[in-house]
Amino acid sequence: MHDIGRFAPSPTGPLHAGSLVAALASWLDARAHGGQWLVRIEDVDTPRCVPGADQHILQQLAQCGLVSDAPVMWQSQRGAAYQTALDTLIAKGWAYPCGCSRKEIEDAQAVTGHTRERHHAAVYPGTCRHGLNGKTARAWRLNVQRVIDDLKLATPLTWQDRLLGPQQQDVAQEVGDFVLRRADGLWAYQLAVVVDDAAQGITHIVRGADLTDNTARQIVLQHALDFPTPSYMHTPLVLGENGEKLSKQNGATALDLSQPLCPLRMAAQALGLPKQADDTSMQQTLDAWAKAWTLTLRPVPR
Ligand code: GLU
């Protein structure tokens, strides 16, 4: 069986320096293993998607010599598959409807002394776990503890990152019953990504380190849906001049791809890949990095 990797951008704007690092890293990893590399457009969060950004991203990738080895998948066309997965979880007794508003969740957390940490979704206090109590169903949540108990998963859940080394998270305590389908009817990233990684047969996930914290949740869902768990590698983030993570939200400037080798070289530098002579063609440069890939990325000792 071939290794299959993927790059899964959300079309909230064009590629920037940070997302190019993730794209290049996943492509090099697939090439280094003689595997396939797929592109999936993660356009489930429609209010955040920018019209045309998907095509723009695909064009930018192509300019950098990064082209999907199979037809591109769009998550906006995958609703039926997500519904099937949710139905499976409901039938197992592992998903439940939730009628809480954001305000009610925050009030309940204030009572239990939970505070919302920066950059983390609030831990859901479990109000609707045993019934809606007359409220209208808004979202669907995963009953994390029940999945862990029924499947005898370890607590904390441990996993190995190919670059960051051993990782662990107590998903029930630290994350809680996370959302599968949102109150606005949109599919949650966690469910969509797990269903699609399985559907596309992804064996190797390489993505930015800002997503590391989502991995344990995704592994719980893979167990719940009887999907294999891929191997994971989270690549270093490219920081902006202010030391903040580059993102489309904080105005990361679009890449200048008039000479695609320039931004590619910067991405390669962020990954610690060896410099190539200035007159090396794009194809030769990519091939040289793919050869150097497994040697360059050694696990960081912790
Ligand atoms: N679509 C996600 C993002 O752009 C990445 C998903 C993933 O690689 O798992 O943040």
# chains A, B, ... in the order shown; residues from 1 in each chain; ligands from 1
call {"tool": "closest_atom_pairs", "arguments": {"of": "chain A", "to": "ligand 1", "cutoff": "9 Å", "atoms": "only C-alpha atoms and all ligand atoms", "output": "CSV"}}
result
residue,atom,partner,partner_atom_place_in_ligand_line,distance
A:Arg6,CA,ligand 1,8 (O),7.8
A:Phe7,CA,ligand 1,8 (O),6.2
A:Ala8,CA,ligand 1,8 (O),4.9
A:Pro9,CA,ligand 1,4 (O),4.0
A:Ser10,CA,ligand 1,4 (O),4.2
A:Pro11,CA,ligand 1,4 (O),7.6
A:Thr12,CA,ligand 1,4 (O),8.3
A:Ser19,CA,ligand 1,4 (O),7.8
A:Ala22,CA,ligand 1,8 (O),8.3
A:Arg40,CA,ligand 1,1 (N),8.4
A:Ile41,CA,ligand 1,1 (N),7.3
A:Glu42,CA,ligand 1,1 (N),5.0
A:Asp43,CA,ligand 1,1 (N),7.9
A:Tyr189,CA,ligand 1,1 (N),7.5
A:Gln190,CA,ligand 1,9 (O),8.4
A:Val193,CA,ligand 1,9 (O),6.1
A:Val194,CA,ligand 1,9 (O),8.5
A:Asp197,CA,ligand 1,9 (O),8.7
A:Ile205,CA,ligand 1,8 (O),7.3
A:Val206,CA,ligand 1,8 (O),7.2
A:Arg207,CA,ligand 1,8 (O),5.1
A:Gly208,CA,ligand 1,8 (O),7.3
A:Asp210,CA,ligand 1,10 (O),8.2
A:Leu211,CA,ligand 1,9 (O),6.8
A:Asn214,CA,ligand 1,9 (O),8.3
A:Thr215,CA,ligand 1,9 (O),8.5
call {"tool": "residues_around", "arguments": {"residues": "A:Thr294", "least_positions_apart": "2", "cutoff": "12 Å", "atoms": "only C-alpha atoms", "output": "list in words"}}
result
Ala25, Leu28, Asp29, Ala30, Arg31, Ala32, His33, Arg162, Leu163, Leu271, Gly272, Leu273, Ala288, Trp289, Ala290, Lys291, Ala292, Thr296, Leu297, Arg298 and Pro299 of chain A
call {"tool": "write_last_selection", "arguments": {"atoms": "C-alpha atoms", "output": "tab-separated table (two decimals), in the first residue's frame"}}
result
chain	number	residue	atom	x	y	z
A	25	ALA	CA	6.25	19.81	4.01
A	28	LEU	CA	7.98	16.54	0.34
A	29	ASP	CA	6.98	13.92	2.89
A	30	ALA	CA	4.77	12.16	0.32
A	31	ARG	CA	7.49	12.37	-2.35
A	32	ALA	CA	10.18	11.15	0.06
A	33	HIS	CA	8.06	8.07	0.72
A	162	ARG	CA	7.06	12.29	14.12
A	163	LEU	CA	8.69	15.62	14.86
A	271	LEU	CA	11.85	23.43	7.63
A	272	GLY	CA	15.64	23.31	7.97
A	273	LEU	CA	16.17	21.99	4.46
A	288	ALA	CA	16.73	17.64	-3.87
A	289	TRP	CA	14.62	18.66	-0.86
A	290	ALA	CA	12.56	15.48	-1.14
A	291	LYS	CA	15.81	13.48	-0.99
A	292	ALA	CA	16.99	15.47	2.03
A	296	THR	CA	16.56	16.82	7.86
A	297	LEU	CA	13.56	16.33	10.09
A	298	ARG	CA	14.78	14.61	13.20
A	299	PRO	CA	12.45	14.37	16.17
call {"tool": "closest_residue", "arguments": {"among": "A:Asp54, A:Val220, A:Arg141, A:Thr112", "to": "A:Thr155", "atoms": "only C-alpha atoms"}}
result
A:Val220
call {"tool": "atom_distance", "arguments": {"atom1": "atom CA of A:Gln59", "atom2": "atom CA of A:Val195"}}
result
25.9 Å
call {"tool": "select_by_dssp", "arguments": {"residues": "stretch 10-234 of chain A", "states": "strand (DSSP E or B)", "output": "PyMOL selection string"}}
result
chain A and resi 36-41+73-74+95-98+139-142+157-161+165-169+179-181+187+204-208+231-234
call {"tool": "closest_residue", "arguments": {"among": "A:Gly65, A:Leu225, A:His234, A:Asp279", "to": "A:Ala91", "atoms": "only C-alpha atoms"}}
result
A:Leu225
call {"tool": "closest_residue", "arguments": {"among": "A:His2, A:Leu286, A:Leu20, A:Pro14", "to": "A:Gly34", "atoms": "only C-alpha atoms"}}
result
A:His2
call {"tool": "atom_distance", "arguments": {"atom1": "atom CA of A:Pro236", "atom2": "atom CA of A:Thr212"}}
result
10.6 Å
call {"tool": "atom_distance", "arguments": {"atom1": "atom CA of A:Ala172", "atom2": "atom CA of A:Ala122"}}
result
12.3 Å
call {"tool": "closest_residue", "arguments": {"among": "A:Asn143, A:Gln109, A:Gln83, A:Gln269", "to": "A:Val238", "atoms": "only C-alpha atoms"}}
result
A:Gln269
call {"tool": "select_by_dssp", "arguments": {"residues": "stretch 25-200 of chain A", "states": "helix (DSSP H, G or I)", "output": "PDB file with N, CA and C atoms, in the first residue's frame"}}
result
ATOM      1  N   ALA A  25       5.852  20.913   3.126  1.00  0.00           N
ATOM      2  CA  ALA A  25       6.250  19.808   4.009  1.00  0.00           C
ATOM      3  C   ALA A  25       5.448  18.544   3.684  1.00  0.00           C
ATOM      4  N   SER A  26       4.131  18.699   3.502  1.00  0.00           N
ATOM      5  CA  SER A  26       3.319  17.502   3.229  1.00  0.00           C
ATOM      6  C   SER A  26       3.667  16.916   1.864  1.00  0.00           C
ATOM      7  N   TRP A  27       3.954  17.777   0.904  1.00  0.00           N
ATOM      8  CA  TRP A  27       4.326  17.312  -0.448  1.00  0.00           C
ATOM      9  C   TRP A  27       5.668  16.576  -0.411  1.00  0.00           C
ATOM     10  N   LEU A  28       6.653  17.174   0.271  1.00  0.00           N
ATOM     11  CA  LEU A  28       7.984  16.544   0.339  1.00  0.00           C
ATOM     12  C   LEU A  28       7.907  15.207   1.066  1.00  0.00           C
ATOM     13  N   ASP A  29       7.101  15.163   2.124  1.00  0.00           N
ATOM     14  CA  ASP A  29       6.977  13.922   2.889  1.00  0.00           C
ATOM     15  C   ASP A  29       6.405  12.806   2.007  1.00  0.00           C
ATOM     16  N   ALA A  30       5.368  13.156   1.218  1.00  0.00           N
ATOM     17  CA  ALA A  30       4.774  12.158   0.317  1.00  0.00           C
ATOM     18  C   ALA A  30       5.800  11.728  -0.738  1.00  0.00           C
ATOM     19  N   ARG A  31       6.491  12.700  -1.326  1.00  0.00           N
ATOM     20  CA  ARG A  31       7.488  12.374  -2.350  1.00  0.00           C
ATOM     21  C   ARG A  31       8.619  11.529  -1.763  1.00  0.00           C
ATOM     22  N   ALA A  32       9.061  11.879  -0.575  1.00  0.00           N
ATOM     23  CA  ALA A  32      10.175  11.152   0.058  1.00  0.00           C
ATOM     24  C   ALA A  32       9.806   9.690   0.293  1.00  0.00           C
ATOM     25  N   THR A  46     -18.514  27.913   5.954  1.00  0.00           N
ATOM     26  CA  THR A  46     -18.811  28.818   4.830  1.00  0.00           C
ATOM     27  C   THR A  46     -18.739  30.313   5.185  1.00  0.00           C
ATOM     28  N   PRO A  47     -19.158  30.751   6.381  1.00  0.00           N
ATOM     29  CA  PRO A  47     -19.051  32.196   6.635  1.00  0.00           C
ATOM     30  C   PRO A  47     -17.618  32.714   6.572  1.00  0.00           C
ATOM     31  N   ARG A  48     -16.629  31.843   6.810  1.00  0.00           N
ATOM     32  CA  ARG A  48     -15.231  32.280   6.793  1.00  0.00           C
ATOM     33  C   ARG A  48     -14.579  32.108   5.415  1.00  0.00           C
ATOM     34  N   ALA A  53     -11.203  31.901  -3.370  1.00  0.00           N
ATOM     35  CA  ALA A  53      -9.924  31.622  -2.696  1.00  0.00           C
ATOM     36  C   ALA A  53      -9.457  30.193  -2.981  1.00  0.00           C
ATOM     37  N   ASP A  54     -10.418  29.266  -3.155  1.00  0.00           N
ATOM     38  CA  ASP A  54     -10.026  27.876  -3.440  1.00  0.00           C
ATOM     39  C   ASP A  54      -9.227  27.800  -4.751  1.00  0.00           C
ATOM     40  N   GLN A  55      -9.777  28.410  -5.787  1.00  0.00           N
ATOM     41  CA  GLN A  55      -9.080  28.373  -7.090  1.00  0.00           C
ATOM     42  C   GLN A  55      -7.745  29.101  -7.011  1.00  0.00           C
ATOM     43  N   HIS A  56      -7.738  30.198  -6.260  1.00  0.00           N
ATOM     44  CA  HIS A  56      -6.503  30.967  -6.102  1.00  0.00           C
ATOM     45  C   HIS A  56      -5.417  30.098  -5.440  1.00  0.00           C
ATOM     46  N   ILE A  57      -5.801  29.392  -4.372  1.00  0.00           N
ATOM     47  CA  ILE A  57      -4.846  28.525  -3.660  1.00  0.00           C
ATOM     48  C   ILE A  57      -4.323  27.432  -4.600  1.00  0.00           C
ATOM     49  N   LEU A  58      -5.233  26.813  -5.351  1.00  0.00           N
ATOM     50  CA  LEU A  58      -4.816  25.731  -6.254  1.00  0.00           C
ATOM     51  C   LEU A  58      -3.838  26.254  -7.306  1.00  0.00           C
ATOM     52  N   GLN A  59      -4.120  27.466  -7.773  1.00  0.00           N
ATOM     53  CA  GLN A  59      -3.240  28.079  -8.774  1.00  0.00           C
ATOM     54  C   GLN A  59      -1.872  28.396  -8.157  1.00  0.00           C
ATOM     55  N   GLN A  60      -1.876  28.918  -6.937  1.00  0.00           N
ATOM     56  CA  GLN A  60      -0.604  29.221  -6.260  1.00  0.00           C
ATOM     57  C   GLN A  60       0.220  27.947  -6.050  1.00  0.00           C
ATOM     58  N   LEU A  61      -0.464  26.874  -5.632  1.00  0.00           N
ATOM     59  CA  LEU A  61       0.238  25.600  -5.429  1.00  0.00           C
ATOM     60  C   LEU A  61       0.861  25.136  -6.739  1.00  0.00           C
ATOM     61  N   ALA A  62       0.079  25.229  -7.829  1.00  0.00           N
ATOM     62  CA  ALA A  62       0.575  24.775  -9.130  1.00  0.00           C
ATOM     63  C   ALA A  62       1.797  25.594  -9.555  1.00  0.00           C
ATOM     64  N   GLN A  63       1.767  26.895  -9.265  1.00  0.00           N
ATOM     65  CA  GLN A  63       2.930  27.740  -9.605  1.00  0.00           C
ATOM     66  C   GLN A  63       4.185  27.273  -8.866  1.00  0.00           C
ATOM     67  N   GLN A  75     -14.853  19.927   0.681  1.00  0.00           N
ATOM     68  CA  GLN A  75     -15.678  19.457   1.803  1.00  0.00           C
ATOM     69  C   GLN A  75     -17.134  19.914   1.680  1.00  0.00           C
ATOM     70  N   SER A  76     -17.374  21.006   0.968  1.00  0.00           N
ATOM     71  CA  SER A  76     -18.754  21.474   0.834  1.00  0.00           C
ATOM     72  C   SER A  76     -19.618  20.460   0.076  1.00  0.00           C
ATOM     73  N   GLN A  77     -18.974  19.490  -0.600  1.00  0.00           N
ATOM     74  CA  GLN A  77     -19.754  18.476  -1.332  1.00  0.00           C
ATOM     75  C   GLN A  77     -19.837  17.166  -0.568  1.00  0.00           C
ATOM     76  N   GLY A  79     -21.387  16.596   2.521  1.00  0.00           N
ATOM     77  CA  GLY A  79     -22.380  16.587   3.604  1.00  0.00           C
ATOM     78  C   GLY A  79     -22.963  15.205   3.879  1.00  0.00           C
ATOM     79  N   ALA A  80     -23.234  14.441   2.822  1.00  0.00           N
ATOM     80  CA  ALA A  80     -23.870  13.134   3.015  1.00  0.00           C
ATOM     81  C   ALA A  80     -22.951  12.206   3.811  1.00  0.00           C
ATOM     82  N   ALA A  81     -21.646  12.271   3.531  1.00  0.00           N
ATOM     83  CA  ALA A  81     -20.693  11.410   4.251  1.00  0.00           C
ATOM     84  C   ALA A  81     -20.613  11.818   5.726  1.00  0.00           C
ATOM     85  N   TYR A  82     -20.666  13.130   5.986  1.00  0.00           N
ATOM     86  CA  TYR A  82     -20.600  13.587   7.386  1.00  0.00           C
ATOM     87  C   TYR A  82     -21.863  13.159   8.129  1.00  0.00           C
ATOM     88  N   GLN A  83     -23.014  13.242   7.426  1.00  0.00           N
ATOM     89  CA  GLN A  83     -24.280  12.839   8.061  1.00  0.00           C
ATOM     90  C   GLN A  83     -24.243  11.350   8.403  1.00  0.00           C
ATOM     91  N   THR A  84     -23.706  10.542   7.489  1.00  0.00           N
ATOM     92  CA  THR A  84     -23.605   9.100   7.751  1.00  0.00           C
ATOM     93  C   THR A  84     -22.755   8.847   8.999  1.00  0.00           C
ATOM     94  N   ALA A  85     -21.647   9.574   9.106  1.00  0.00           N
ATOM     95  CA  ALA A  85     -20.771   9.395  10.273  1.00  0.00           C
ATOM     96  C   ALA A  85     -21.497   9.815  11.552  1.00  0.00           C
ATOM     97  N   LEU A  86     -22.208  10.944  11.480  1.00  0.00           N
ATOM     98  CA  LEU A  86     -22.945  11.393  12.674  1.00  0.00           C
ATOM     99  C   LEU A  86     -24.012  10.367  13.047  1.00  0.00           C
ATOM    100  N   ASP A  87     -24.718   9.838  12.038  1.00  0.00           N
ATOM    101  CA  ASP A  87     -25.753   8.826  12.308  1.00  0.00           C
ATOM    102  C   ASP A  87     -25.142   7.600  12.993  1.00  0.00           C
ATOM    103  N   THR A  88     -23.944   7.210  12.553  1.00  0.00           N
ATOM    104  CA  THR A  88     -23.261   6.070  13.175  1.00  0.00           C
ATOM    105  C   THR A  88     -22.998   6.358  14.653  1.00  0.00           C
ATOM    106  N   LEU A  89     -22.522   7.563  14.934  1.00  0.00           N
ATOM    107  CA  LEU A  89     -22.197   7.923  16.323  1.00  0.00           C
ATOM    108  C   LEU A  89     -23.467   7.993  17.176  1.00  0.00           C
ATOM    109  N   ILE A  90     -24.556   8.505  16.578  1.00  0.00           N
ATOM    110  CA  ILE A  90     -25.826   8.582  17.313  1.00  0.00           C
ATOM    111  C   ILE A  90     -26.313   7.165  17.623  1.00  0.00           C
ATOM    112  N   ALA A  91     -26.243   6.272  16.623  1.00  0.00           N
ATOM    113  CA  ALA A  91     -26.727   4.900  16.797  1.00  0.00           C
ATOM    114  C   ALA A  91     -25.945   4.183  17.908  1.00  0.00           C
ATOM    115  N   ARG A 102     -24.279  29.833  23.659  1.00  0.00           N
ATOM    116  CA  ARG A 102     -22.923  30.141  24.138  1.00  0.00           C
ATOM    117  C   ARG A 102     -22.978  30.769  25.537  1.00  0.00           C
ATOM    118  N   LYS A 103     -23.971  31.627  25.721  1.00  0.00           N
ATOM    119  CA  LYS A 103     -24.126  32.322  27.007  1.00  0.00           C
ATOM    120  C   LYS A 103     -24.397  31.323  28.132  1.00  0.00           C
ATOM    121  N   GLU A 104     -25.271  30.353  27.851  1.00  0.00           N
ATOM    122  CA  GLU A 104     -25.583  29.349  28.888  1.00  0.00           C
ATOM    123  C   GLU A 104     -24.344  28.539  29.239  1.00  0.00           C
ATOM    124  N   ILE A 105     -23.529  28.211  28.225  1.00  0.00           N
ATOM    125  CA  ILE A 105     -22.312  27.429  28.490  1.00  0.00           C
ATOM    126  C   ILE A 105     -21.369  28.242  29.372  1.00  0.00           C
ATOM    127  N   GLU A 106     -21.223  29.519  29.050  1.00  0.00           N
ATOM    128  CA  GLU A 106     -20.318  30.365  29.844  1.00  0.00           C
ATOM    129  C   GLU A 106     -20.828  30.523  31.271  1.00  0.00           C
ATOM    130  N   ASP A 107     -22.146  30.674  31.428  1.00  0.00           N
ATOM    131  CA  ASP A 107     -22.704  30.814  32.780  1.00  0.00           C
ATOM    132  C   ASP A 107     -22.456  29.552  33.599  1.00  0.00           C
ATOM    133  N   ALA A 108     -22.667  28.371  32.954  1.00  0.00           N
ATOM    134  CA  ALA A 108     -22.468  27.109  33.668  1.00  0.00           C
ATOM    135  C   ALA A 108     -21.005  26.948  34.047  1.00  0.00           C
ATOM    136  N   GLN A 109     -20.116  27.424  33.176  1.00  0.00           N
ATOM    137  CA  GLN A 109     -18.686  27.318  33.491  1.00  0.00           C
ATOM    138  C   GLN A 109     -18.311  28.227  34.638  1.00  0.00           C
ATOM    139  N   ALA A 110     -18.939  29.390  34.689  1.00  0.00           N
ATOM    140  CA  ALA A 110     -18.638  30.319  35.775  1.00  0.00           C
ATOM    141  C   ALA A 110     -19.000  29.674  37.110  1.00  0.00           C
ATOM    142  N   VAL A 111     -20.124  28.944  37.134  1.00  0.00           N
ATOM    143  CA  VAL A 111     -20.568  28.281  38.367  1.00  0.00           C
ATOM    144  C   VAL A 111     -19.562  27.211  38.785  1.00  0.00           C
ATOM    145  N   THR A 112     -19.067  26.441  37.790  1.00  0.00           N
ATOM    146  CA  THR A 112     -18.144  25.354  38.135  1.00  0.00           C
ATOM    147  C   THR A 112     -16.696  25.846  38.238  1.00  0.00           C
ATOM    148  N   VAL A 144     -17.556  12.225  24.878  1.00  0.00           N
ATOM    149  CA  VAL A 144     -16.165  11.761  24.844  1.00  0.00           C
ATOM    150  C   VAL A 144     -15.913  10.654  25.869  1.00  0.00           C
ATOM    151  N   GLN A 145     -16.383  10.869  27.091  1.00  0.00           N
ATOM    152  CA  GLN A 145     -16.099   9.882  28.140  1.00  0.00           C
ATOM    153  C   GLN A 145     -16.731   8.536  27.805  1.00  0.00           C
ATOM    154  N   ARG A 146     -17.928   8.593  27.210  1.00  0.00           N
ATOM    155  CA  ARG A 146     -18.583   7.322  26.886  1.00  0.00           C
ATOM    156  C   ARG A 146     -17.799   6.558  25.805  1.00  0.00           C
ATOM    157  N   VAL A 147     -17.303   7.262  24.817  1.00  0.00           N
ATOM    158  CA  VAL A 147     -16.490   6.608  23.774  1.00  0.00           C
ATOM    159  C   VAL A 147     -15.249   5.991  24.426  1.00  0.00           C
ATOM    160  N   ILE A 148     -14.607   6.769  25.284  1.00  0.00           N
ATOM    161  CA  ILE A 148     -13.371   6.295  25.928  1.00  0.00           C
ATOM    162  C   ILE A 148     -13.665   5.047  26.770  1.00  0.00           C
ATOM    163  N   ASP A 149     -14.784   5.101  27.526  1.00  0.00           N
ATOM    164  CA  ASP A 149     -15.128   3.951  28.386  1.00  0.00           C
ATOM    165  C   ASP A 149     -15.504   2.734  27.535  1.00  0.00           C
ATOM    166  N   ASP A 150     -16.403   2.946  26.554  1.00  0.00           N
ATOM    167  CA  ASP A 150     -16.896   1.808  25.761  1.00  0.00           C
ATOM    168  C   ASP A 150     -15.768   1.143  24.977  1.00  0.00           C
ATOM    169  N   LEU A 151     -14.836   1.960  24.477  1.00  0.00           N
ATOM    170  CA  LEU A 151     -13.764   1.399  23.642  1.00  0.00           C
ATOM    171  C   LEU A 151     -12.490   1.147  24.448  1.00  0.00           C
ATOM    172  N   VAL A 171      -8.692  14.047  26.818  1.00  0.00           N
ATOM    173  CA  VAL A 171      -9.666  14.744  25.962  1.00  0.00           C
ATOM    174  C   VAL A 171     -10.935  15.083  26.752  1.00  0.00           C
ATOM    175  N   ALA A 172     -11.391  14.154  27.595  1.00  0.00           N
ATOM    176  CA  ALA A 172     -12.637  14.413  28.345  1.00  0.00           C
ATOM    177  C   ALA A 172     -12.464  15.624  29.266  1.00  0.00           C
ATOM    178  N   GLN A 173     -11.325  15.713  29.937  1.00  0.00           N
ATOM    179  CA  GLN A 173     -11.103  16.803  30.901  1.00  0.00           C
ATOM    180  C   GLN A 173     -10.681  18.098  30.231  1.00  0.00           C
ATOM    181  N   GLU A 174      -9.752  18.002  29.288  1.00  0.00           N
ATOM    182  CA  GLU A 174      -9.144  19.211  28.734  1.00  0.00           C
ATOM    183  C   GLU A 174      -9.945  19.812  27.585  1.00  0.00           C
ATOM    184  N   VAL A 175     -10.716  18.971  26.899  1.00  0.00           N
ATOM    185  CA  VAL A 175     -11.478  19.472  25.742  1.00  0.00           C
ATOM    186  C   VAL A 175     -12.978  19.344  26.006  1.00  0.00           C
ATOM    187  N   TYR A 189     -15.181  21.141  11.939  1.00  0.00           N
ATOM    188  CA  TYR A 189     -13.886  20.733  11.372  1.00  0.00           C
ATOM    189  C   TYR A 189     -13.488  19.333  11.831  1.00  0.00           C
ATOM    190  N   GLN A 190     -13.620  19.033  13.140  1.00  0.00           N
ATOM    191  CA  GLN A 190     -13.132  17.750  13.678  1.00  0.00           C
ATOM    192  C   GLN A 190     -13.790  16.562  12.976  1.00  0.00           C
ATOM    193  N   LEU A 191     -15.100  16.634  12.787  1.00  0.00           N
ATOM    194  CA  LEU A 191     -15.791  15.504  12.145  1.00  0.00           C
ATOM    195  C   LEU A 191     -15.407  15.425  10.664  1.00  0.00           C
ATOM    196  N   ALA A 192     -15.451  16.564   9.994  1.00  0.00           N
ATOM    197  CA  ALA A 192     -15.189  16.576   8.546  1.00  0.00           C
ATOM    198  C   ALA A 192     -13.778  16.061   8.242  1.00  0.00           C
ATOM    199  N   VAL A 193     -12.796  16.518   9.023  1.00  0.00           N
ATOM    200  CA  VAL A 193     -11.402  16.153   8.727  1.00  0.00           C
ATOM    201  C   VAL A 193     -11.181  14.650   8.928  1.00  0.00           C
ATOM    202  N   VAL A 194     -11.803  14.091   9.967  1.00  0.00           N
ATOM    203  CA  VAL A 194     -11.621  12.666  10.262  1.00  0.00           C
ATOM    204  C   VAL A 194     -12.312  11.799   9.199  1.00  0.00           C
ATOM    205  N   VAL A 195     -13.512  12.188   8.808  1.00  0.00           N
ATOM    206  CA  VAL A 195     -14.243  11.427   7.781  1.00  0.00           C
ATOM    207  C   VAL A 195     -13.479  11.472   6.456  1.00  0.00           C
ATOM    208  N   ASP A 196     -12.977  12.652   6.106  1.00  0.00           N
ATOM    209  CA  ASP A 196     -12.307  12.782   4.804  1.00  0.00           C
ATOM    210  C   ASP A 196     -10.922  12.145   4.794  1.00  0.00           C
ATOM    211  N   ASP A 197     -10.170  12.268   5.885  1.00  0.00           N
ATOM    212  CA  ASP A 197      -8.866  11.593   5.919  1.00  0.00           C
ATOM    213  C   ASP A 197      -9.066  10.090   5.718  1.00  0.00           C
ATOM    214  N   ALA A 198     -10.116   9.535   6.324  1.00  0.00           N
ATOM    215  CA  ALA A 198     -10.379   8.097   6.162  1.00  0.00           C
ATOM    216  C   ALA A 198     -10.833   7.802   4.733  1.00  0.00           C
ATOM    217  N   ALA A 199     -11.749   8.630   4.207  1.00  0.00           N
ATOM    218  CA  ALA A 199     -12.282   8.373   2.860  1.00  0.00           C
ATOM    219  C   ALA A 199     -11.172   8.433   1.815  1.00  0.00           C
TER     220      ALA A 199
END
call {"tool": "closest_residue", "arguments": {"among": "A:Leu153, A:Leu142, A:Leu264, A:Ile202", "to": "A:Gly5", "atoms": "only C-alpha atoms"}}
result
A:Ile202
call {"tool": "closest_residue", "arguments": {"among": "A:Trp74, A:Trp140, A:Tyr124, A:Trp94", "to": "A:Ala188", "atoms": "only C-alpha atoms"}}
result
A:Trp140
